[in-house]
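A.B. asks: Okay, here's the structure, questions in a sec.
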Amino acid sequence: MVKRFVLLIISFICTFYYNDCHAQAQQADTIQQRVMAVNMEHFFNKAIGRQSRLYNGFAYQLVGINSPGNAYFNDTTSLVNGNVRYGGLSYRNVPLLYDIYNDVLVSRLMGGALLFSLVTEQVDDFDLFGHHFINLHAADVNNVISAGYYDELYNSNQIQLLAKRNKTFQQDIQGVRNGRISFSVLLNDRYYLKKDSLYYKISGSGKFLTLLGDKKKELRKYLKDNNIRYNDNPEQTMVLLTKYYDSLKK
C-alpha cells in the first residue's frame, strides 16, 4: 500500500512538472507555480519518509574533546534546520550539523536520535546558519585548492570568494582540566578567490589587492573613502571589496 501511495505521488509530481514546463513555454512562470512546486517537493519527501534518498550515509558519533570549544560550525553541537542538495535532489528544513574538523555534513534519521554523515561525494551544496556552502569535488580543484566544503562568501559570473572553515585541536599548556587532558580549539580559516576560471589562495591584503590589480586604485580609494581597515575584519573587508570590484567590472 505504501509503495502504491509513493508511486501515485511520483506520478502526480511528474504530471505536475510536465504541465508546468509546458505552460512556461507559453507564458512566464508565476509565483503561485513556484510555491506549488516547493510544496509538492516537500510533500513528496515527507511522504516517502525513511525511503528518501536523503537517508543514505554512515553512522556518526559526535566529536568529544575536553575543551570549551568544539569541532562544529558556529560552535554548536545541536542540529538545526537547513537545506541541502543531495544526490541531485533538494531537501528543505533538514536537521544538519557541519563537522568542520572532519569536513563532513551530519544529519539524523527522521524521528530518531541516530546520527549519520552524508556521503560527501553526493552533496552538491547546503545552507546553514545563513551561510551557503558548496562542495568542490576533485574534478573542480587545482594544486591551490583542495576538494571539500567551502563557505561561499560571494559569487557572480566573473568572480567568487570562498572560505575554508578549519578547526584544529592543540593540547593546553596546563594539560589538565577536570582531571582530564584538555585541549584548545584553534581556528584557521583560509580564503580563496576564483577569477578567470582559476583559484588563488589569499594570504593577506597585499595578495588580495594584487589579484584584483586591474581595479587596485579604485579599491584603495574605496577603502579610504569608507574608512575601512583590512586588519580590523579581513573577511568582511574581502567581501566588500569583491562586491565593489564586481560592480566596477559590470
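Quick note on naming: the chains in the C-alpha cells go A, B, ... in the order shown, residues restart at 1 in each chain, and ligands are numbered from 1 in order of appearance.
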If you count only C-alpha atoms, which residues fall within 6 Å of range 120-129 of chain A, apart from same-chain ones fewer than 2 positions away, as a VMD selection string?
C.D. replies: chain A and resid 82 to 87 118 131 to 135
A.B. asks: Give the answer as one residue: which of A:Leu114, A:Leu105, A:Leu161, A:Leu241 has the shortest atom-to-atom distance to Lys201 in chain A, using only C-alpha atoms?
C.D. replies: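 Smallest separation from Lys201 in chain A among the options: A:Leu161.
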A.B. asks: What lies within 9 Å of Ala138 in chain A using only C-alpha atoms, ignoring chain neighbours under 5 positions off, as a PyMOL selection string?
C.D. replies: chain A and resi 146-148
A.B. asks: Could you work out how far CA of Asp196 in chain A lies from CA of Val141 in chain A, giving the answer in Å with one decimal?
C.D. replies: 13.8 Å
A.B. asks: Rounded to one decimal place, report the CA of Gln171 in chain A-CA of Ser184 in chain A distance in Å.
C.D. replies: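 These two atoms are separated by 6.2 Å.
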A.B. asks: Residues near Lys164 in chain A, anyone? I mean within 6 Å using only C-alpha atoms, not counting same-chain ones fewer than 3 positions away, as a list in words.
C.D. replies: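 My reading of the contact set: Tyr150, Asp189 and Arg190 of chain A.
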A.B. asks: Only all heavy atoms, please: the residues just picked out, written as a compact mmCIF listing (two decimals), in the first residue's frame.
C.D. replies:
# COMPACT_ATOMS: atom_id res chain seq x y z
N TYR A 150 33.16 24.46 1.16
CA TYR A 150 33.63 25.84 1.26
C TYR A 150 32.45 26.78 1.47
O TYR A 150 31.40 26.63 0.84
CB TYR A 150 34.39 26.24 -0.02
CG TYR A 150 35.74 25.58 -0.13
CD1 TYR A 150 35.86 24.28 -0.62
CD2 TYR A 150 36.91 26.24 0.27
CE1 TYR A 150 37.09 23.66 -0.72
CE2 TYR A 150 38.15 25.62 0.16
CZ TYR A 150 38.23 24.33 -0.32
OH TYR A 150 39.47 23.71 -0.41
N ASP A 189 40.84 29.69 9.40
CA ASP A 189 40.11 29.79 8.14
C ASP A 189 41.05 30.22 7.02
O ASP A 189 41.94 31.05 7.22
CB ASP A 189 38.97 30.79 8.26
CG ASP A 189 37.90 30.34 9.25
OD1 ASP A 189 37.85 29.13 9.55
OD2 ASP A 189 37.12 31.19 9.71
N ARG A 190 40.85 29.64 5.85
CA ARG A 190 41.63 30.01 4.67
C ARG A 190 40.70 30.56 3.60
O ARG A 190 39.55 30.12 3.49
CB ARG A 190 42.40 28.79 4.14
CG ARG A 190 43.36 28.19 5.17
CD ARG A 190 44.22 27.10 4.55
NE ARG A 190 43.43 25.97 4.06
CZ ARG A 190 43.07 24.94 4.80
NH1 ARG A 190 43.41 24.89 6.08
NH2 ARG A 190 42.37 23.95 4.28
A.B. asks: Can you work out which one of A:Tyr98, A:Phe116, A:Tyr91, A:Phe183 has the shortest atom-to-atom distance to Ser67 in chain A, counting only C-alpha atoms?
C.D. replies: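 When distances to Ser67 in chain A are compared using only C-alpha atoms, the smallest one comes from A:Phe183.
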A.B. asks: Rounded to one decimal in Å, what is the spacing between CA of Leu54 in chain A and CA of Asn93 in chain A?
C.D. replies: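 Value for the CA of Leu54 in chain A-CA of Asn93 in chain A distance: 12.2 Å.
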A.B. asks: Measuring between only C-alpha atoms, which one of A:Gln61, A:Ser247, A:Thr242, A:Asn227 shows the shortest distance to Tyr154 in chain A?
C.D. replies: A:Thr242
